[in-house]
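Source file: final.pdb (PDB, C-alpha atoms)
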```pdb
ATOM      1  CA  MET Y   1      64.426  19.765  -2.648
ATOM      2  CA  GLU Y   2      64.568  18.289  -6.152
ATOM      3  CA  LEU Y   3      61.923  18.248  -8.864
ATOM      4  CA  ARG Y   4      62.358  14.469  -9.086
ATOM      5  CA  GLN Y   5      61.455  14.114  -5.408
ATOM      6  CA  LEU Y   6      58.327  16.176  -5.906
ATOM      7  CA  ARG Y   7      57.205  14.076  -8.873
ATOM      8  CA  TYR Y   8      57.781  10.882  -6.881
ATOM      9  CA  PHE Y   9      55.846  12.365  -3.975
ATOM     10  CA  MET Y  10      52.897  13.307  -6.206
ATOM     11  CA  GLU Y  11      52.782   9.838  -7.769
ATOM     12  CA  VAL Y  12      52.827   8.067  -4.397
ATOM     13  CA  ALA Y  13      50.154  10.453  -3.091
ATOM     14  CA  ALA Y  14      47.950   9.688  -6.103
ATOM     15  CA  ARG Y  15      48.291   5.886  -5.814
ATOM     16  CA  GLU Y  16      48.706   5.546  -2.041
ATOM     17  CA  HIS Y  17      51.091   2.690  -2.740
ATOM     18  CA  VAL Y  18      54.868   2.911  -3.174
ATOM     19  CA  THR Y  19      55.214  -0.210  -5.335
ATOM     20  CA  GLU Y  20      52.487   0.878  -7.758
ATOM     21  CA  ALA Y  21      53.972   4.370  -7.931
ATOM     22  CA  ALA Y  22      57.419   2.957  -8.687
ATOM     23  CA  GLU Y  23      56.034   0.732 -11.436
ATOM     24  CA  ASN Y  24      54.246   3.653 -13.060
ATOM     25  CA  LEU Y  25      57.373   5.797 -12.799
ATOM     26  CA  ASN Y  26      59.437   2.911 -14.195
ATOM     27  CA  VAL Y  27      61.979   3.097 -11.353
ATOM     28  CA  ALA Y  28      62.904   0.811  -8.472
ATOM     29  CA  GLN Y  29      60.713   0.874  -5.364
ATOM     30  CA  SER Y  30      63.791   1.505  -3.252
ATOM     31  CA  ALA Y  31      64.556   4.655  -5.282
ATOM     32  CA  VAL Y  32      61.074   6.038  -4.642
ATOM     33  CA  SER Y  33      61.213   5.205  -0.918
ATOM     34  CA  PHE Y  34      64.666   6.783  -0.632
ATOM     35  CA  GLN Y  35      63.614  10.039  -2.324
ATOM     36  CA  ILE Y  36      60.451  10.319  -0.226
ATOM     37  CA  ALA Y  37      62.507   9.778   2.935
ATOM     38  CA  LYS Y  38      64.977  12.485   1.841
ATOM     39  CA  LEU Y  39      62.096  14.870   1.187
ATOM     40  CA  GLU Y  40      60.578  14.215   4.622
ATOM     41  CA  ASP Y  41      63.965  14.693   6.299
ATOM     42  CA  GLU Y  42      64.461  18.001   4.535
ATOM     43  CA  LEU Y  43      60.991  19.229   5.497
ATOM     44  CA  GLY Y  44      61.195  17.831   9.009
ATOM     45  CA  VAL Y  45      57.693  16.314   8.841
ATOM     46  CA  ARG Y  46      56.050  13.014   7.955
ATOM     47  CA  LEU Y  47      54.186  13.305   4.663
ATOM     48  CA  PHE Y  48      52.729   9.780   4.716
ATOM     49  CA  GLU Y  49      51.413   7.368   7.270
ATOM     50  CA  ARG Y  50      50.908   3.624   6.813
ATOM     51  CA  THR Y  51      47.379   2.173   6.811
ATOM     52  CA  GLY Y  52      47.594  -1.606   6.423
ATOM     53  CA  ARG Y  53      49.380  -2.428   3.172
ATOM     54  CA  ASN Y  54      48.835   1.052   1.778
ATOM     55  CA  ILE Y  55      49.932   4.525   2.802
ATOM     56  CA  LYS Y  56      48.051   7.798   2.869
ATOM     57  CA  LEU Y  57      48.919  11.451   3.226
ATOM     58  CA  THR Y  58      49.145  13.018   6.638
ATOM     59  CA  GLN Y  59      47.304  16.274   7.187
ATOM     60  CA  ILE Y  60      50.446  18.303   6.508
ATOM     61  CA  GLY Y  61      51.110  16.044   3.521
ATOM     62  CA  MET Y  62      47.764  17.074   2.013
ATOM     63  CA  ILE Y  63      48.616  20.736   2.458
ATOM     64  CA  PHE Y  64      52.054  20.208   0.936
ATOM     65  CA  LEU Y  65      50.551  18.321  -2.040
ATOM     66  CA  ALA Y  66      48.124  21.139  -2.866
ATOM     67  CA  HIS Y  67      50.972  23.635  -3.138
ATOM     68  CA  ILE Y  68      53.379  21.292  -4.902
ATOM     69  CA  LYS Y  69      50.851  20.528  -7.649
ATOM     70  CA  LYS Y  70      50.727  24.224  -8.484
ATOM     71  CA  ALA Y  71      54.508  24.558  -8.364
ATOM     72  CA  VAL Y  72      55.175  21.557 -10.601
ATOM     73  CA  LYS Y  73      52.513  22.760 -13.057
ATOM     74  CA  LEU Y  74      54.278  26.115 -13.287
ATOM     75  CA  VAL Y  75      57.625  24.403 -13.837
ATOM     76  CA  ASP Y  76      56.154  22.241 -16.603
ATOM     77  CA  GLU Y  77      54.576  25.265 -18.255
ATOM     78  CA  ALA Y  78      57.870  27.144 -18.044
ATOM     79  CA  LYS Y  79      59.653  24.226 -19.726
ATOM     80  CA  GLU Y  80      57.004  24.209 -22.460
ATOM     81  CA  LYS Y  81      57.596  27.910 -23.085
ATOM     82  CA  VAL Y  82      61.355  27.376 -23.330
ATOM     83  CA  ASP Y  83      60.808  24.580 -25.855
ATOM     84  CA  GLU Y  84      58.420  26.846 -27.710
ATOM     85  CA  TYR Y  85      60.979  29.647 -27.978
ATOM     86  CA  LEU Y  86      63.396  27.140 -29.480
ATOM     87  CA  ASP Y  87      60.761  26.029 -32.004
ATOM     88  CA  PRO Y  88      57.656  28.264 -32.187
ATOM     89  CA  GLN Y  89      56.064  26.019 -34.821
ATOM     90  CA  THR Y  90      55.576  23.196 -32.310
ATOM     91  CA  GLY Y  91      54.119  25.149 -29.391
ATOM     92  CA  THR Y  92      50.794  24.819 -27.596
ATOM     93  CA  ILE Y  93      48.189  27.594 -27.649
ATOM     94  CA  LYS Y  94      45.314  27.845 -25.181
ATOM     95  CA  ILE Y  95      42.461  29.697 -26.869
ATOM     96  CA  GLY Y  96      39.113  30.742 -25.459
ATOM     97  CA  TYR Y  97      36.011  31.317 -27.536
ATOM     98  CA  PRO Y  98      32.285  32.094 -27.121
ATOM     99  CA  THR Y  99      29.395  29.949 -28.347
ATOM    100  CA  SER Y 100      28.532  32.469 -31.054
ATOM    101  CA  LEU Y 101      31.848  31.953 -32.868
ATOM    102  CA  ALA Y 102      32.071  28.188 -32.453
ATOM    103  CA  SER Y 103      30.208  27.038 -35.551
ATOM    104  CA  TYR Y 104      31.831  29.163 -38.254
ATOM    105  CA  TRP Y 105      34.656  31.598 -37.578
ATOM    106  CA  LEU Y 106      36.643  29.616 -35.026
ATOM    107  CA  PRO Y 107      36.966  26.425 -37.114
ATOM    108  CA  THR Y 108      37.545  28.512 -40.260
ATOM    109  CA  VAL Y 109      40.551  30.432 -38.967
ATOM    110  CA  ILE Y 110      42.074  27.528 -37.017
ATOM    111  CA  SER Y 111      41.735  25.204 -39.995
ATOM    112  CA  ALA Y 112      43.455  27.766 -42.218
ATOM    113  CA  PHE Y 113      46.272  28.204 -39.692
ATOM    114  CA  ARG Y 114      46.816  24.456 -39.328
ATOM    115  CA  THR Y 115      47.417  24.081 -43.059
ATOM    116  CA  LYS Y 116      50.468  26.304 -42.584
ATOM    117  CA  GLN Y 117      51.517  25.236 -39.066
ATOM    118  CA  PRO Y 118      50.323  21.628 -38.586
ATOM    119  CA  ASN Y 119      52.540  20.977 -35.549
ATOM    120  CA  VAL Y 120      51.086  23.681 -33.318
ATOM    121  CA  VAL Y 121      48.743  22.174 -30.713
ATOM    122  CA  PHE Y 122      45.502  23.897 -29.697
ATOM    123  CA  HIS Y 123      43.741  23.636 -26.344
ATOM    124  CA  LEU Y 124      40.317  25.226 -26.816
ATOM    125  CA  ARG Y 125      38.015  26.403 -24.052
ATOM    126  CA  GLN Y 126      34.466  27.660 -24.558
ATOM    127  CA  GLY Y 127      33.255  30.213 -22.061
ATOM    128  CA  SER Y 128      30.966  33.104 -21.287
ATOM    129  CA  TYR Y 129      31.912  36.688 -22.118
ATOM    130  CA  GLN Y 130      33.171  37.570 -18.637
ATOM    131  CA  TYR Y 131      34.885  34.215 -18.181
ATOM    132  CA  LEU Y 132      36.962  34.773 -21.326
ATOM    133  CA  ILE Y 133      38.088  38.188 -20.125
ATOM    134  CA  ASP Y 134      38.983  36.911 -16.646
ATOM    135  CA  ALA Y 135      40.717  33.788 -18.009
ATOM    136  CA  VAL Y 136      42.975  35.868 -20.256
ATOM    137  CA  LYS Y 137      43.833  38.142 -17.339
ATOM    138  CA  ASN Y 138      44.770  35.324 -14.954
ATOM    139  CA  GLY Y 139      46.646  33.277 -17.547
ATOM    140  CA  GLU Y 140      44.213  30.374 -17.698
ATOM    141  CA  ILE Y 141      44.091  30.863 -21.453
ATOM    142  CA  ASP Y 142      46.612  32.634 -23.695
ATOM    143  CA  LEU Y 143      44.202  34.586 -25.867
ATOM    144  CA  ALA Y 144      40.522  34.591 -26.715
ATOM    145  CA  PHE Y 145      38.165  35.328 -29.556
ATOM    146  CA  ILE Y 146      35.366  37.519 -28.286
ATOM    147  CA  GLY Y 147      32.469  39.673 -29.402
ATOM    148  CA  PRO Y 148      31.857  42.463 -28.795
ATOM    149  CA  VAL Y 149      35.478  43.427 -28.185
ATOM    150  CA  PRO Y 150      36.107  45.066 -24.771
ATOM    151  CA  THR Y 151      38.153  48.163 -25.505
ATOM    152  CA  LYS Y 152      38.307  49.881 -22.100
ATOM    153  CA  ASP Y 153      39.749  47.180 -19.836
ATOM    154  CA  PRO Y 154      43.176  48.359 -18.607
ATOM    155  CA  ASP Y 155      44.478  44.787 -18.265
ATOM    156  CA  ILE Y 156      43.435  43.636 -21.738
ATOM    157  CA  GLU Y 157      44.947  44.262 -25.156
ATOM    158  CA  ALA Y 158      42.087  44.182 -27.662
ATOM    159  CA  LYS Y 159      42.261  43.830 -31.436
ATOM    160  CA  ILE Y 160      39.101  44.172 -33.533
ATOM    161  CA  LEU Y 161      39.140  41.733 -36.454
ATOM    162  CA  PHE Y 162      35.807  42.568 -38.067
ATOM    163  CA  THR Y 163      32.342  43.968 -37.439
ATOM    164  CA  GLU Y 164      29.198  42.007 -38.197
ATOM    165  CA  ASN Y 165      25.497  42.790 -38.330
ATOM    166  CA  ILE Y 166      22.887  41.411 -35.969
ATOM    167  CA  SER Y 167      19.888  40.090 -37.903
ATOM    168  CA  ALA Y 168      16.400  38.962 -36.962
ATOM    169  CA  LEU Y 169      15.566  35.254 -37.101
ATOM    170  CA  LEU Y 170      11.820  34.722 -37.627
ATOM    171  CA  PRO Y 171       9.593  31.642 -38.029
ATOM    172  CA  THR Y 172       8.588  31.050 -41.653
ATOM    173  CA  ASN Y 173       4.918  31.572 -40.727
ATOM    174  CA  HIS Y 174       5.593  35.033 -39.287
ATOM    175  CA  ALA Y 175       3.661  37.918 -40.853
ATOM    176  CA  LEU Y 176       6.961  39.614 -41.849
ATOM    177  CA  ALA Y 177       8.701  36.465 -43.082
ATOM    178  CA  ASP Y 178       8.561  37.531 -46.745
ATOM    179  CA  ARG Y 179      10.257  40.881 -46.115
ATOM    180  CA  LYS Y 180      13.729  41.618 -47.488
ATOM    181  CA  ARG Y 181      14.529  43.978 -44.616
ATOM    182  CA  LEU Y 182      12.697  45.319 -41.578
ATOM    183  CA  ASP Y 183      12.809  47.936 -38.852
ATOM    184  CA  LEU Y 184      13.297  46.448 -35.407
ATOM    185  CA  SER Y 185      10.322  48.448 -34.119
ATOM    186  CA  GLU Y 186       8.079  46.241 -36.280
ATOM    187  CA  LEU Y 187       8.752  43.377 -33.835
ATOM    188  CA  ARG Y 188       7.618  45.291 -30.761
ATOM    189  CA  ASN Y 189       4.547  43.103 -30.282
ATOM    190  CA  ASP Y 190       6.359  39.792 -30.780
ATOM    191  CA  SER Y 191       7.553  37.311 -28.206
ATOM    192  CA  PHE Y 192      11.361  37.060 -28.126
ATOM    193  CA  VAL Y 193      13.592  34.099 -27.402
ATOM    194  CA  SER Y 194      16.994  34.985 -26.010
ATOM    195  CA  PHE Y 195      19.994  33.988 -24.017
ATOM    196  CA  PRO Y 196      19.442  34.354 -20.241
ATOM    197  CA  LYS Y 197      20.128  37.614 -18.436
ATOM    198  CA  GLY Y 198      23.851  38.153 -17.990
ATOM    199  CA  TYR Y 199      24.772  36.885 -21.459
ATOM    200  CA  ILE Y 200      26.297  39.544 -23.685
ATOM    201  CA  LEU Y 201      24.111  38.715 -26.706
ATOM    202  CA  GLN Y 202      20.999  39.183 -24.589
ATOM    203  CA  LYS Y 203      22.286  42.587 -23.534
ATOM    204  CA  ILE Y 204      22.915  43.555 -27.162
ATOM    205  CA  ALA Y 205      19.413  42.488 -28.169
ATOM    206  CA  VAL Y 206      17.690  44.291 -25.297
ATOM    207  CA  GLU Y 207      19.652  47.513 -25.876
ATOM    208  CA  ALA Y 208      18.842  47.402 -29.594
ATOM    209  CA  CYS Y 209      15.127  47.022 -28.853
ATOM    210  CA  LYS Y 210      15.252  49.911 -26.394
ATOM    211  CA  GLU Y 211      16.875  52.033 -29.097
ATOM    212  CA  ALA Y 212      13.981  51.056 -31.358
ATOM    213  CA  GLY Y 213      11.556  52.326 -28.728
ATOM    214  CA  PHE Y 214      10.399  49.217 -26.871
ATOM    215  CA  ILE Y 215      11.433  46.623 -24.291
ATOM    216  CA  PRO Y 216      11.381  43.101 -25.758
ATOM    217  CA  ASN Y 217       8.965  40.588 -24.281
ATOM    218  CA  ILE Y 218      11.372  37.702 -23.643
ATOM    219  CA  THR Y 219       9.178  34.655 -23.096
ATOM    220  CA  SER Y 220      11.733  31.856 -23.563
ATOM    221  CA  GLU Y 221      15.460  31.493 -22.972
ATOM    222  CA  GLY Y 222      18.194  29.139 -24.113
ATOM    223  CA  GLU Y 223      21.856  28.843 -23.171
ATOM    224  CA  ASP Y 224      23.175  27.872 -26.608
ATOM    225  CA  LEU Y 225      22.536  28.888 -30.190
ATOM    226  CA  ASP Y 226      20.995  25.602 -31.288
ATOM    227  CA  ALA Y 227      18.404  25.888 -28.526
ATOM    228  CA  LEU Y 228      17.462  29.419 -29.580
ATOM    229  CA  LYS Y 229      17.259  28.460 -33.244
ATOM    230  CA  GLY Y 230      15.070  25.513 -32.305
ATOM    231  CA  LEU Y 231      12.708  27.758 -30.371
ATOM    232  CA  VAL Y 232      12.354  30.064 -33.376
ATOM    233  CA  SER Y 233      11.793  27.039 -35.651
ATOM    234  CA  ALA Y 234       8.993  25.935 -33.342
ATOM    235  CA  GLY Y 235       7.318  29.337 -33.647
ATOM    236  CA  ILE Y 236       7.892  30.230 -29.984
ATOM    237  CA  GLY Y 237       9.254  33.664 -30.810
ATOM    238  CA  VAL Y 238      11.717  35.774 -32.773
ATOM    239  CA  CYS Y 239      15.408  36.190 -32.025
ATOM    240  CA  LEU Y 240      18.284  38.581 -32.736
ATOM    241  CA  LEU Y 241      21.513  36.800 -33.685
ATOM    242  CA  PRO Y 242      24.888  37.693 -35.228
ATOM    243  CA  GLU Y 243      24.925  36.891 -38.948
ATOM    244  CA  SER Y 244      27.885  34.525 -38.649
ATOM    245  CA  THR Y 245      25.837  32.185 -36.460
ATOM    246  CA  VAL Y 246      23.687  31.322 -39.477
ATOM    247  CA  TYR Y 247      26.337  31.504 -42.226
ATOM    248  CA  ASP Y 248      26.369  27.797 -42.997
ATOM    249  CA  SER Y 249      22.605  27.305 -43.043
ATOM    250  CA  ILE Y 250      19.367  28.881 -41.950
ATOM    251  CA  PRO Y 251      17.558  26.590 -39.472
ATOM    252  CA  ARG Y 252      14.472  24.787 -40.743
ATOM    253  CA  PHE Y 253      11.217  26.752 -40.656
ATOM    254  CA  THR Y 254      13.042  30.066 -40.115
ATOM    255  CA  VAL Y 255      14.104  33.074 -42.179
ATOM    256  CA  LYS Y 256      16.924  35.539 -41.537
ATOM    257  CA  ILE Y 257      16.039  39.161 -42.209
ATOM    258  CA  PRO Y 258      18.509  42.089 -41.998
ATOM    259  CA  ILE Y 259      17.560  44.985 -39.737
ATOM    260  CA  ASP Y 260      17.525  48.448 -41.301
ATOM    261  CA  SER Y 261      16.883  50.539 -38.192
ATOM    262  CA  PRO Y 262      18.499  50.783 -35.798
ATOM    263  CA  GLN Y 263      21.669  49.297 -37.237
ATOM    264  CA  VAL Y 264      22.630  46.555 -34.785
ATOM    265  CA  LYS Y 265      26.239  45.420 -34.973
ATOM    266  CA  ARG Y 266      28.926  43.836 -32.855
ATOM    267  CA  THR Y 267      32.689  43.889 -33.103
ATOM    268  CA  VAL Y 268      34.555  40.577 -33.070
ATOM    269  CA  GLY Y 269      38.215  40.241 -32.238
ATOM    270  CA  LEU Y 270      41.014  38.874 -30.111
ATOM    271  CA  ILE Y 271      41.986  39.769 -26.566
ATOM    272  CA  THR Y 272      45.385  39.152 -25.005
ATOM    273  CA  PRO Y 273      46.879  40.076 -21.614
ATOM    274  CA  LYS Y 274      48.346  43.571 -21.669
ATOM    275  CA  PHE Y 275      51.167  42.856 -19.223
ATOM    276  CA  ARG Y 276      52.430  39.549 -20.620
ATOM    277  CA  ASP Y 277      54.204  39.065 -23.921
ATOM    278  CA  LEU Y 278      52.795  36.394 -26.182
ATOM    279  CA  ALA Y 279      54.934  33.291 -26.599
ATOM    280  CA  PRO Y 280      56.237  32.692 -30.137
ATOM    281  CA  SER Y 281      53.557  30.192 -31.186
ATOM    282  CA  GLU Y 282      50.839  32.387 -29.658
ATOM    283  CA  ASN Y 283      52.147  35.415 -31.539
ATOM    284  CA  LEU Y 284      52.374  33.351 -34.703
ATOM    285  CA  PHE Y 285      48.663  32.561 -34.486
ATOM    286  CA  TYR Y 286      47.742  36.081 -33.360
ATOM    287  CA  GLN Y 287      49.411  37.674 -36.387
ATOM    288  CA  PHE Y 288      47.959  35.019 -38.685
ATOM    289  CA  ALA Y 289      44.416  35.761 -37.478
ATOM    290  CA  ILE Y 290      44.875  39.500 -38.037
ATOM    291  CA  ASP Y 291      46.178  38.943 -41.571
ATOM    292  CA  PHE Y 292      43.483  36.344 -42.284
ATOM    293  CA  PHE Y 293      40.612  38.702 -41.546
ATOM    294  CA  ARG Y 294      42.333  41.658 -43.201
ATOM    295  CA  VAL Y 295      42.612  39.706 -46.457
ATOM    296  CA  LEU Y 296      39.041  38.445 -46.057
ATOM    297  CA  GLU Y 297      37.770  41.995 -45.665
ATOM    298  CA  GLN Y 298      39.412  43.035 -48.943
ATOM    299  CA  PHE Y 299      37.349  40.476 -50.843
ATOM    300  CA  GLN Y 300      34.031  41.472 -49.306
TER
END
```
Written as structure tokens, that's how I'd like the structure from this file.
Amino acid sequence: MELRQLRYFMEVAAREHVTEAAENLNVAQSAVSFQIAKLEDELGVRLFERTGRNIKLTQIGMIFLAHIKKAVKLVDEAKEKVDEYLDPQTGTIKIGYPTSLASYWLPTVISAFRTKQPNVVFHLRQGSYQYLIDAVKNGEIDLAFIGPVPTKDPDIEAKILFTENISALLPTNHALADRKRLDLSELRNDSFVSFPKGYILQKIAVEACKEAGFIPNITSEGEDLDALKGLVSAGIGVCLLPESTVYDSIPRFTVKIPIDSPQVKRTVGLITPKFRDLAPSENLFYQFAIDFFRVLEQFQ
């Protein structure tokens, strides 16, 4: 069984037409037909059946295709890794990230890296907290920015890059809007807007309020930061957000106020799989990110 046969098989299966598959592969139709016949002889089954002028997969052909797609994908990824070891500055890195880091820190560090390594390709995937952890474990992504950093997962290698404060975002017409700082307990009677239950930032906010002696009255929810900021702007409620989510600008009709007590913080960092070595380009970026935030911390 040859890799060429499998690629021909996948192309014919996708187009259900040998001539069209051959044209797309830029080979003779007879070559495609010959390789498919050889593959069927080796397997001892018919992979295709004719339906008029077209062909379609047999039932066993469908099963075979599902497995072959995975196998060919693994082969292609293996070839990419070999190429990457030969030239780590032209590799591809699959990075996961949460919504809360998308507007400021992610573009900042990637932009800085690309000025030094412009030929490295990034595939970026946004995801929830648990998705990022699971995706790193199963190899769907190579590494992920995350906050807070999970430090007790036996399958994850975690590196804290920095710690940031969680601040209160209030409407400008709020009674405490002119304050320089506030205690979280002063918001006990307010309506809160928050991410839905199950989101890590909602958990952080609720636990902080409990530490301040009350359970927040969450009256509205949003699944992204812009939605939450918009709800605060509209005067629907107050919100607790990481400071980096409002670095570039404070939303209209809102004010950001630091929280004195309790001190609400989150760690932000990178996670990688514990039982798989990073490829050269991945390690290049990983070390760059660590150095980037270490230097940044020295100037703060």
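Distances to Ala168 in chain Y were evaluated for Y:Asn138, Y:Thr245, Y:Ser103, Y:Thr115 using only C-alpha atoms, and the minimum falls at Y:Thr245.
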With a distance cut-off of 10 Å and only C-alpha atoms, select the neighbouring residues of Asp178 in chain Y, excluding the residue or stretch itself and same-chain residues fewer than 6 positions from it, and output the selection as a ChimeraX atom specification. /Y:172,255,257
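Counting all atoms listed in the file and comparing Y:Leu270, Y:Met62, Y:Val12, Y:Val238, the residue that lies closest to Ile156 in chain Y is Y:Leu270.
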How close does each residue of range 182-239 of chain Y get to range 139-154 of chain Y, giving the shortest atom pair and distance in Å to one decimal for every residue with an atom at most 12 Å away, counting all atoms listed in the file, sorted by chain and residue number, as JSON lines?
```
{"residue": "Y:Tyr199", "atom": "CA", "partner": "Y:Gly147", "partner_atom": "CA", "distance": 11.4}
{"residue": "Y:Ile200", "atom": "CA", "partner": "Y:Pro148", "partner_atom": "CA", "distance": 8.1}
{"residue": "Y:Leu201", "atom": "CA", "partner": "Y:Gly147", "partner_atom": "CA", "distance": 8.8}
{"residue": "Y:Lys203", "atom": "CA", "partner": "Y:Pro148", "partner_atom": "CA", "distance": 10.9}
{"residue": "Y:Ile204", "atom": "CA", "partner": "Y:Pro148", "partner_atom": "CA", "distance": 9.2}
```
Mind writing the picked residues with C-alpha atoms as an mmCIF file, in the frame of the given file?
```
data_model
loop_
_atom_site.group_PDB
_atom_site.id
_atom_site.type_symbol
_atom_site.label_atom_id
_atom_site.label_comp_id
_atom_site.auth_asym_id
_atom_site.auth_seq_id
_atom_site.Cartn_x
_atom_site.Cartn_y
_atom_site.Cartn_z
ATOM 1 C CA TYR Y 199 24.772 36.885 -21.459
ATOM 2 C CA ILE Y 200 26.297 39.544 -23.685
ATOM 3 C CA LEU Y 201 24.111 38.715 -26.706
ATOM 4 C CA LYS Y 203 22.286 42.587 -23.534
ATOM 5 C CA ILE Y 204 22.915 43.555 -27.162
#
```
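Note that the spacing between CA of Phe214 in chain Y and CA of Asp190 in chain Y amounts to 11.0 Å.
Candidate residues Y:Leu241, Y:Met10, Y:Leu57, Y:Ala28 were compared for distance to Lys265 in chain Y, and the nearest is Y:Leu241, using only C-alpha atoms.
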Quick check on the file I pasted: which residues fall under the PyMOL selection byres ((chain Y and resi 37-41) around 12)? Write them as a ChimeraX atom specification. /Y:1-10,18,30-36,42-49,58,60-61,64
